[in-house]
Amino acid sequence: MTTTVALIGAAGHGAWHLRAIDALGPRVRLVATCDVQPGYDYTDHRRMLAERKPEVVVVCTPPHTHLPIALDALDAGADLLLEKPPVLSLADHRTLAEASRGRVVQVGFQALGSPTLPMLPDRVGAVTSAAVAGAWWRPDAYWTRSPWAGRRGRDGALVNAFAHALMQALAITGISPPWTVSLDRYRTRPAVEVEDTATVRLRVPDGRELFVAVTLCSGEFVPGDITVTGTAGTAEVGYTEDRLDGEVLPGRIGLLENLLDHREHDAPLLVPLERTEPFTALAEAILTAGEPALVDPARLKPREDGAEIPGAAALVRRAAAERAHFREIGAFQ
């Protein structure tokens, strides 16, 4: 069986999806690429949907454009692989859920296809907490890559760069609202409106906790390690590499492949829209929070392509280990 597929948002990260489509060989047939930039089959996704009538549409456009494009694709009768984050508010999430009744929506949190997830219960028992530590470097150009980059309500280290880490930790802990959310957010560039360094603490009434400490201003790389604690022990998960307690596990399931298996054989969908509702709730809380604090330039190390926070990796690791906000350990005071 061959399924016709179209890609909306073919430039940039869309190239990754083109490779994923190509890797599926005769199972799929790419019928159209679409992007507002020239050089692709279409610049108007509505025209593409009407003329090519794809059975599955991959949407890889800026997050704030996801809802109208997804609604158009669903209205045209297509199933969706929708890049993360699916939408940026719970109201939009519910609108999309209602519109997708009778259709399939898979959200592009690809790490949820990791073989580490089903193995965790045997390692740790019932999960009681998780802590994420991630330290990356993103240059000045990252924040000017598009008109929406670095803009309040649309971007940020938590909801974009480290979105997979947040979603993975939410899936591991099973935490969802109602919860208490505590944020500690910072920015190192005056012209950037969103956080590049932050901590988040989530707690639910039964005592489970999720803590996240991340930065995009580190000279040392920490991939986004997740320390998982449960009733029977502790495990370390590296979500970017499918690593569990130091061992890289083979067998990650691709989300487009899984969507096809769901359509053809009713296989369980790995990342249905409803599974991502807690992420959307957290994203909305972050995006509607106040402006992040500006770090004193005297505390930064200038580089040709930006400003580094000295010792950022160690700071992130300490915050995650202690489950303590940066302000609680006096990081930027």
# chains A, B, ... in the order shown; residues from 1 in each chain; ligands from 1
$ closest_atom_pairs --of "range 210-257 of chain A" --to "range 187-194 of chain A" --cutoff "10 Å" --atoms "only C-alpha atoms" --output "CSV"
residue,atom,partner,partner_atom,distance
A:Thr215,CA,A:Arg187,CA,9.6
A:Leu216,CA,A:Arg187,CA,9.7
A:Cys217,CA,A:Thr188,CA,8.2
$ write_last_selection --atoms "N, CA and C atoms" --output "short mmCIF file (atom, residue, chain, number, x, y, z; two decimals), in the first residue's frame"
data_model
loop_
_atom_site.label_atom_id
_atom_site.label_comp_id
_atom_site.auth_asym_id
_atom_site.auth_seq_id
_atom_site.Cartn_x
_atom_site.Cartn_y
_atom_site.Cartn_z
N THR A 215 19.77 25.93 29.59
CA THR A 215 20.33 27.17 29.09
C THR A 215 20.79 26.98 27.65
N LEU A 216 20.76 28.07 26.89
CA LEU A 216 21.29 28.10 25.53
C LEU A 216 22.54 28.96 25.47
N CYS A 217 23.18 29.17 26.62
CA CYS A 217 24.33 30.08 26.73
C CYS A 217 25.55 29.38 27.32
#
$ select_by_dssp --residues "range 56-185 of chain A" --states "alpha helix (DSSP H)" --output "PDB file with N, CA and C atoms, in the first residue's frame"
ATOM      1  N   HIS A  66       0.602  26.852  13.071  1.00  0.00           N
ATOM      2  CA  HIS A  66       0.160  25.459  13.015  1.00  0.00           C
ATOM      3  C   HIS A  66      -1.355  25.314  12.936  1.00  0.00           C
ATOM      4  N   LEU A  67      -2.091  26.046  13.774  1.00  0.00           N
ATOM      5  CA  LEU A  67      -3.533  25.803  13.856  1.00  0.00           C
ATOM      6  C   LEU A  67      -4.236  26.050  12.526  1.00  0.00           C
ATOM      7  N   PRO A  68      -4.102  27.223  11.884  1.00  0.00           N
ATOM      8  CA  PRO A  68      -4.849  27.414  10.633  1.00  0.00           C
ATOM      9  C   PRO A  68      -4.447  26.438   9.536  1.00  0.00           C
ATOM     10  N   ILE A  69      -3.157  26.115   9.444  1.00  0.00           N
ATOM     11  CA  ILE A  69      -2.718  25.176   8.412  1.00  0.00           C
ATOM     12  C   ILE A  69      -3.252  23.775   8.706  1.00  0.00           C
ATOM     13  N   ALA A  70      -3.189  23.364   9.969  1.00  0.00           N
ATOM     14  CA  ALA A  70      -3.705  22.046  10.343  1.00  0.00           C
ATOM     15  C   ALA A  70      -5.202  21.947  10.073  1.00  0.00           C
ATOM     16  N   LEU A  71      -5.936  22.990  10.392  1.00  0.00           N
ATOM     17  CA  LEU A  71      -7.374  22.975  10.142  1.00  0.00           C
ATOM     18  C   LEU A  71      -7.674  22.858   8.651  1.00  0.00           C
ATOM     19  N   ASP A  72      -6.894  23.557   7.827  1.00  0.00           N
ATOM     20  CA  ASP A  72      -7.087  23.451   6.372  1.00  0.00           C
ATOM     21  C   ASP A  72      -6.802  22.033   5.895  1.00  0.00           C
ATOM     22  N   ALA A  73      -5.737  21.419   6.400  1.00  0.00           N
ATOM     23  CA  ALA A  73      -5.392  20.066   5.979  1.00  0.00           C
ATOM     24  C   ALA A  73      -6.452  19.059   6.418  1.00  0.00           C
ATOM     25  N   LEU A  74      -6.928  19.189   7.632  1.00  0.00           N
ATOM     26  CA  LEU A  74      -7.980  18.297   8.111  1.00  0.00           C
ATOM     27  C   LEU A  74      -9.257  18.476   7.298  1.00  0.00           C
ATOM     28  N   ASP A  75      -9.581  19.717   6.995  1.00  0.00           N
ATOM     29  CA  ASP A  75     -10.785  20.000   6.210  1.00  0.00           C
ATOM     30  C   ASP A  75     -10.676  19.406   4.809  1.00  0.00           C
ATOM     31  N   LEU A  90      -4.111  26.317  25.196  1.00  0.00           N
ATOM     32  CA  LEU A  90      -5.083  25.245  25.400  1.00  0.00           C
ATOM     33  C   LEU A  90      -6.337  25.460  24.564  1.00  0.00           C
ATOM     34  N   ALA A  91      -6.723  26.714  24.363  1.00  0.00           N
ATOM     35  CA  ALA A  91      -7.898  26.982  23.524  1.00  0.00           C
ATOM     36  C   ALA A  91      -7.664  26.475  22.106  1.00  0.00           C
ATOM     37  N   ASP A  92      -6.477  26.741  21.559  1.00  0.00           N
ATOM     38  CA  ASP A  92      -6.159  26.254  20.217  1.00  0.00           C
ATOM     39  C   ASP A  92      -6.044  24.730  20.197  1.00  0.00           C
ATOM     40  N   HIS A  93      -5.512  24.167  21.275  1.00  0.00           N
ATOM     41  CA  HIS A  93      -5.391  22.715  21.365  1.00  0.00           C
ATOM     42  C   HIS A  93      -6.769  22.063  21.301  1.00  0.00           C
ATOM     43  N   ARG A  94      -7.712  22.640  22.003  1.00  0.00           N
ATOM     44  CA  ARG A  94      -9.065  22.072  22.022  1.00  0.00           C
ATOM     45  C   ARG A  94      -9.769  22.282  20.687  1.00  0.00           C
ATOM     46  N   THR A  95      -9.509  23.414  20.041  1.00  0.00           N
ATOM     47  CA  THR A  95     -10.062  23.639  18.704  1.00  0.00           C
ATOM     48  C   THR A  95      -9.552  22.596  17.726  1.00  0.00           C
ATOM     49  N   LEU A  96      -8.267  22.335  17.782  1.00  0.00           N
ATOM     50  CA  LEU A  96      -7.672  21.337  16.894  1.00  0.00           C
ATOM     51  C   LEU A  96      -8.200  19.943  17.210  1.00  0.00           C
ATOM     52  N   ALA A  97      -8.338  19.621  18.478  1.00  0.00           N
ATOM     53  CA  ALA A  97      -8.855  18.311  18.863  1.00  0.00           C
ATOM     54  C   ALA A  97     -10.270  18.099  18.328  1.00  0.00           C
ATOM     55  N   GLU A  98     -11.081  19.119  18.431  1.00  0.00           N
ATOM     56  CA  GLU A  98     -12.457  19.018  17.948  1.00  0.00           C
ATOM     57  C   GLU A  98     -12.477  18.841  16.428  1.00  0.00           C
ATOM     58  N   ALA A  99     -11.639  19.589  15.731  1.00  0.00           N
ATOM     59  CA  ALA A  99     -11.612  19.523  14.271  1.00  0.00           C
ATOM     60  C   ALA A  99     -11.058  18.197  13.757  1.00  0.00           C
ATOM     61  N   THR A 116      13.677   3.628  25.268  1.00  0.00           N
ATOM     62  CA  THR A 116      13.940   3.778  26.704  1.00  0.00           C
ATOM     63  C   THR A 116      12.650   3.830  27.519  1.00  0.00           C
ATOM     64  N   LEU A 117      11.584   4.367  26.956  1.00  0.00           N
ATOM     65  CA  LEU A 117      10.365   4.586  27.735  1.00  0.00           C
ATOM     66  C   LEU A 117       9.750   3.299  28.273  1.00  0.00           C
ATOM     67  N   PRO A 118       9.534   2.271  27.454  1.00  0.00           N
ATOM     68  CA  PRO A 118       8.927   1.047  27.998  1.00  0.00           C
ATOM     69  C   PRO A 118       9.824   0.307  28.983  1.00  0.00           C
ATOM     70  N   MET A 119      11.132   0.619  28.998  1.00  0.00           N
ATOM     71  CA  MET A 119      12.044  -0.084  29.900  1.00  0.00           C
ATOM     72  C   MET A 119      12.131   0.570  31.276  1.00  0.00           C
ATOM     73  N   LEU A 120      11.661   1.807  31.397  1.00  0.00           N
ATOM     74  CA  LEU A 120      11.830   2.526  32.661  1.00  0.00           C
ATOM     75  C   LEU A 120      11.118   1.879  33.850  1.00  0.00           C
ATOM     76  N   PRO A 121       9.893   1.383  33.715  1.00  0.00           N
ATOM     77  CA  PRO A 121       9.236   0.796  34.891  1.00  0.00           C
ATOM     78  C   PRO A 121      10.033  -0.322  35.543  1.00  0.00           C
ATOM     79  N   ASP A 122      10.714  -1.134  34.735  1.00  0.00           N
ATOM     80  CA  ASP A 122      11.518  -2.211  35.315  1.00  0.00           C
ATOM     81  C   ASP A 122      12.734  -1.672  36.063  1.00  0.00           C
ATOM     82  N   ARG A 123      13.199  -0.481  35.676  1.00  0.00           N
ATOM     83  CA  ARG A 123      14.384   0.097  36.321  1.00  0.00           C
ATOM     84  C   ARG A 123      14.041   0.850  37.595  1.00  0.00           C
ATOM     85  N   VAL A 124      12.934   1.596  37.570  1.00  0.00           N
ATOM     86  CA  VAL A 124      12.676   2.527  38.682  1.00  0.00           C
ATOM     87  C   VAL A 124      11.362   2.274  39.412  1.00  0.00           C
ATOM     88  N   ALA A 163      11.887  21.778  23.933  1.00  0.00           N
ATOM     89  CA  ALA A 163      10.521  21.253  23.969  1.00  0.00           C
ATOM     90  C   ALA A 163      10.506  19.733  24.082  1.00  0.00           C
ATOM     91  N   HIS A 164      11.420  19.062  23.382  1.00  0.00           N
ATOM     92  CA  HIS A 164      11.456  17.599  23.458  1.00  0.00           C
ATOM     93  C   HIS A 164      11.795  17.132  24.870  1.00  0.00           C
ATOM     94  N   ALA A 165      12.700  17.839  25.541  1.00  0.00           N
ATOM     95  CA  ALA A 165      13.059  17.468  26.905  1.00  0.00           C
ATOM     96  C   ALA A 165      11.857  17.606  27.831  1.00  0.00           C
ATOM     97  N   LEU A 166      11.119  18.704  27.695  1.00  0.00           N
ATOM     98  CA  LEU A 166       9.934  18.904  28.531  1.00  0.00           C
ATOM     99  C   LEU A 166       8.896  17.821  28.273  1.00  0.00           C
ATOM    100  N   MET A 167       8.628  17.545  26.992  1.00  0.00           N
ATOM    101  CA  MET A 167       7.612  16.559  26.666  1.00  0.00           C
ATOM    102  C   MET A 167       8.023  15.174  27.135  1.00  0.00           C
ATOM    103  N   GLN A 168       9.313  14.852  26.962  1.00  0.00           N
ATOM    104  CA  GLN A 168       9.779  13.537  27.385  1.00  0.00           C
ATOM    105  C   GLN A 168       9.618  13.368  28.888  1.00  0.00           C
ATOM    106  N   ALA A 169       9.964  14.409  29.643  1.00  0.00           N
ATOM    107  CA  ALA A 169       9.850  14.331  31.094  1.00  0.00           C
ATOM    108  C   ALA A 169       8.395  14.282  31.539  1.00  0.00           C
ATOM    109  N   LEU A 170       7.516  14.997  30.839  1.00  0.00           N
ATOM    110  CA  LEU A 170       6.088  14.922  31.151  1.00  0.00           C
ATOM    111  C   LEU A 170       5.560  13.509  30.904  1.00  0.00           C
ATOM    112  N   ALA A 171       6.000  12.899  29.804  1.00  0.00           N
ATOM    113  CA  ALA A 171       5.559  11.541  29.501  1.00  0.00           C
ATOM    114  C   ALA A 171       6.091  10.545  30.524  1.00  0.00           C
ATOM    115  N   ILE A 172       7.334  10.721  30.935  1.00  0.00           N
ATOM    116  CA  ILE A 172       7.945   9.807  31.906  1.00  0.00           C
ATOM    117  C   ILE A 172       7.245   9.880  33.253  1.00  0.00           C
ATOM    118  N   THR A 173       6.954  11.091  33.701  1.00  0.00           N
ATOM    119  CA  THR A 173       6.341  11.263  35.024  1.00  0.00           C
ATOM    120  C   THR A 173       4.832  11.069  35.010  1.00  0.00           C
TER     121      THR A 173
END
$ atom_distance --atom1 "CA of Ala111 in chain A" --atom2 "CA of Thr227 in chain A"
15.9 Å
$ select_by_dssp --residues "range 11-165 of chain A" --states "strand (DSSP E)" --output "list in words"
Val28, Arg29, Leu30, Val31, Ala32, Thr33, Cys34, Val56, Val57, Val58, Val59, Asp79, Leu80, Leu81, Leu82, Val105, Gln106, Val107, Val127, Thr128, Ser129, Ala130, Ala131, Val132, Ala133, Gly134, Ala135, Trp136 and Trp137 of chain A
$ residues_around --residues "range 307-323 of chain A" --least-positions-apart "4" --cutoff "7 Å" --atoms "only C-alpha atoms" --output "PyMOL selection string"
chain A and resi 131-135+211-214+217-220+222+300-303
$ residues_around --residues "Val58 in chain A" --least-positions-apart "4" --cutoff "8 Å" --atoms "only C-alpha atoms" --output "VMD selection string"
chain A and resid 5 to 8 17 80 to 83
$ atom_distance --atom1 "CA of Gly174 in chain A" --atom2 "CA of Val107 in chain A"
17.3 Å
$ residues_around --residues "range 33-37 of chain A" --least-positions-apart "4" --cutoff "9 Å" --atoms "only C-alpha atoms" --output "short mmCIF file (atom, residue, chain, number, x, y, z; two decimals) with N, CA and C atoms, in the first residue's frame"
data_model
loop_
_atom_site.label_atom_id
_atom_site.label_comp_id
_atom_site.auth_asym_id
_atom_site.auth_seq_id
_atom_site.Cartn_x
_atom_site.Cartn_y
_atom_site.Cartn_z
N ALA A 6 2.29 14.97 1.51
CA ALA A 6 2.75 16.30 1.15
C ALA A 6 3.42 16.94 2.36
N LEU A 7 4.36 17.81 2.10
CA LEU A 7 5.09 18.51 3.17
C LEU A 7 4.84 20.00 3.06
N ILE A 8 4.28 20.58 4.11
CA ILE A 8 4.09 22.02 4.19
C ILE A 8 5.14 22.57 5.16
N GLY A 9 5.99 23.44 4.65
CA GLY A 9 7.12 23.94 5.43
C GLY A 9 8.36 23.13 5.07
N ALA A 10 8.71 23.16 3.78
CA ALA A 10 9.77 22.29 3.28
C ALA A 10 11.17 22.85 3.48
N ALA A 11 11.28 24.15 3.71
CA ALA A 11 12.60 24.75 3.93
C ALA A 11 13.06 24.49 5.37
N ASP A 41 7.23 23.16 -4.81
CA ASP A 41 6.12 22.95 -5.74
C ASP A 41 5.04 24.02 -5.59
N TYR A 42 4.82 24.42 -4.35
CA TYR A 42 3.75 25.39 -4.07
C TYR A 42 4.22 26.40 -3.02
N THR A 43 3.64 27.59 -3.09
CA THR A 43 3.79 28.57 -2.00
C THR A 43 2.48 28.74 -1.24
N ASP A 44 1.39 28.25 -1.78
CA ASP A 44 0.06 28.36 -1.17
C ASP A 44 -0.40 26.95 -0.78
N HIS A 45 -0.49 26.69 0.52
CA HIS A 45 -0.85 25.33 0.94
C HIS A 45 -2.28 24.97 0.60
N MET A 48 -2.30 23.76 -2.91
CA MET A 48 -1.69 22.43 -2.95
C MET A 48 -2.66 21.36 -2.49
N THR A 61 5.95 24.12 9.93
CA THR A 61 5.96 25.58 9.83
C THR A 61 6.13 26.19 11.21
#
$ closest_residue --among "A:Asp196, A:Gly113, A:Pro205, A:Gly12" --to "Gly251 in chain A" --atoms "only C-alpha atoms"
A:Gly113
$ closest_residue --among "A:Glu247, A:Glu264, A:Asp242, A:Glu257" --to "Leu112 in chain A" --atoms "only C-alpha atoms"
A:Asp242
$ closest_residue --among "A:Pro115, A:Val127, A:Pro62, A:Thr199" --to "Ile329 in chain A" --atoms "only C-alpha atoms"
A:Thr199
$ residues_around --residues "Glu304 in chain A" --least-positions-apart "5" --cutoff "12 Å" --atoms "only C-alpha atoms" --output "ChimeraX atom specification"
/A:139-141
$ atom_distance --atom1 "CA of Ala23 in chain A" --atom2 "CA of Gly238 in chain A"
24.6 Å
$ residues_around --residues "range 274-285 of chain A" --least-positions-apart "6" --cutoff "7 Å" --atoms "only C-alpha atoms" --output "MDAnalysis selection string"
chainID A and resid 87:90 159 167 176:177
$ closest_residue --among "A:Val31, A:Val57, A:Ala157, A:Ala50" --to "Pro292 in chain A" --atoms "only C-alpha atoms"
A:Ala157
$ decode --residues "range 123-138 of chain A" --atoms "N, CA, C and O atoms" --output "PDB file, in the first residue's frame"
ATOM      1  N   ARG A 123      13.199  -0.481  35.676  1.00  0.00           N
ATOM      2  CA  ARG A 123      14.384   0.097  36.321  1.00  0.00           C
ATOM      3  C   ARG A 123      14.041   0.850  37.595  1.00  0.00           C
ATOM      4  O   ARG A 123      14.777   0.791  38.573  1.00  0.00           O
ATOM      5  N   VAL A 124      12.934   1.596  37.570  1.00  0.00           N
ATOM      6  CA  VAL A 124      12.676   2.527  38.682  1.00  0.00           C
ATOM      7  C   VAL A 124      11.362   2.274  39.412  1.00  0.00           C
ATOM      8  O   VAL A 124      11.105   2.910  40.452  1.00  0.00           O
ATOM      9  N   GLY A 125      10.524   1.389  38.921  1.00  0.00           N
ATOM     10  CA  GLY A 125       9.217   1.212  39.533  1.00  0.00           C
ATOM     11  C   GLY A 125       8.292   2.359  39.160  1.00  0.00           C
ATOM     12  O   GLY A 125       8.383   2.918  38.062  1.00  0.00           O
ATOM     13  N   ALA A 126       7.418   2.744  40.067  1.00  0.00           N
ATOM     14  CA  ALA A 126       6.510   3.862  39.822  1.00  0.00           C
ATOM     15  C   ALA A 126       7.289   5.175  39.931  1.00  0.00           C
ATOM     16  O   ALA A 126       7.964   5.423  40.928  1.00  0.00           O
ATOM     17  N   VAL A 127       7.215   5.993  38.932  1.00  0.00           N
ATOM     18  CA  VAL A 127       7.985   7.237  38.897  1.00  0.00           C
ATOM     19  C   VAL A 127       7.429   8.239  39.903  1.00  0.00           C
ATOM     20  O   VAL A 127       6.220   8.492  39.958  1.00  0.00           O
ATOM     21  N   THR A 128       8.331   8.827  40.676  1.00  0.00           N
ATOM     22  CA  THR A 128       7.940   9.851  41.651  1.00  0.00           C
ATOM     23  C   THR A 128       8.449  11.233  41.278  1.00  0.00           C
ATOM     24  O   THR A 128       7.854  12.239  41.675  1.00  0.00           O
ATOM     25  N   SER A 129       9.548  11.297  40.526  1.00  0.00           N
ATOM     26  CA  SER A 129      10.067  12.601  40.110  1.00  0.00           C
ATOM     27  C   SER A 129      11.014  12.443  38.937  1.00  0.00           C
ATOM     28  O   SER A 129      11.518  11.346  38.656  1.00  0.00           O
ATOM     29  N   ALA A 130      11.261  13.552  38.265  1.00  0.00           N
ATOM     30  CA  ALA A 130      12.253  13.601  37.190  1.00  0.00           C
ATOM     31  C   ALA A 130      12.876  14.981  37.178  1.00  0.00           C
ATOM     32  O   ALA A 130      12.218  15.982  37.502  1.00  0.00           O
ATOM     33  N   ALA A 131      14.154  15.038  36.824  1.00  0.00           N
ATOM     34  CA  ALA A 131      14.862  16.312  36.734  1.00  0.00           C
ATOM     35  C   ALA A 131      15.643  16.343  35.428  1.00  0.00           C
ATOM     36  O   ALA A 131      16.369  15.399  35.100  1.00  0.00           O
ATOM     37  N   VAL A 132      15.498  17.427  34.686  1.00  0.00           N
ATOM     38  CA  VAL A 132      16.146  17.602  33.385  1.00  0.00           C
ATOM     39  C   VAL A 132      17.270  18.623  33.510  1.00  0.00           C
ATOM     40  O   VAL A 132      17.087  19.688  34.104  1.00  0.00           O
ATOM     41  N   ALA A 133      18.423  18.311  32.920  1.00  0.00           N
ATOM     42  CA  ALA A 133      19.544  19.251  32.843  1.00  0.00           C
ATOM     43  C   ALA A 133      19.998  19.347  31.397  1.00  0.00           C
ATOM     44  O   ALA A 133      20.400  18.338  30.805  1.00  0.00           O
ATOM     45  N   GLY A 134      19.930  20.549  30.818  1.00  0.00           N
ATOM     46  CA  GLY A 134      20.354  20.737  29.436  1.00  0.00           C
ATOM     47  C   GLY A 134      21.124  22.033  29.284  1.00  0.00           C
ATOM     48  O   GLY A 134      20.681  23.085  29.770  1.00  0.00           O
ATOM     49  N   ALA A 135      22.273  21.981  28.638  1.00  0.00           N
ATOM     50  CA  ALA A 135      23.090  23.177  28.415  1.00  0.00           C
ATOM     51  C   ALA A 135      23.608  23.155  26.988  1.00  0.00           C
ATOM     52  O   ALA A 135      24.430  22.304  26.633  1.00  0.00           O
ATOM     53  N   TRP A 136      23.127  24.065  26.166  1.00  0.00           N
ATOM     54  CA  TRP A 136      23.503  24.153  24.758  1.00  0.00           C
ATOM     55  C   TRP A 136      24.050  25.541  24.456  1.00  0.00           C
ATOM     56  O   TRP A 136      23.976  26.454  25.291  1.00  0.00           O
ATOM     57  N   TRP A 137      24.562  25.695  23.246  1.00  0.00           N
ATOM     58  CA  TRP A 137      24.970  27.013  22.774  1.00  0.00           C
ATOM     59  C   TRP A 137      24.155  27.373  21.535  1.00  0.00           C
ATOM     60  O   TRP A 137      24.042  26.585  20.593  1.00  0.00           O
ATOM     61  N   ARG A 138      23.568  28.560  21.560  1.00  0.00           N
ATOM     62  CA  ARG A 138      22.896  29.100  20.383  1.00  0.00           C
ATOM     63  C   ARG A 138      23.428  30.509  20.150  1.00  0.00           C
ATOM     64  O   ARG A 138      23.339  31.362  21.027  1.00  0.00           O
TER      65      ARG A 138
END
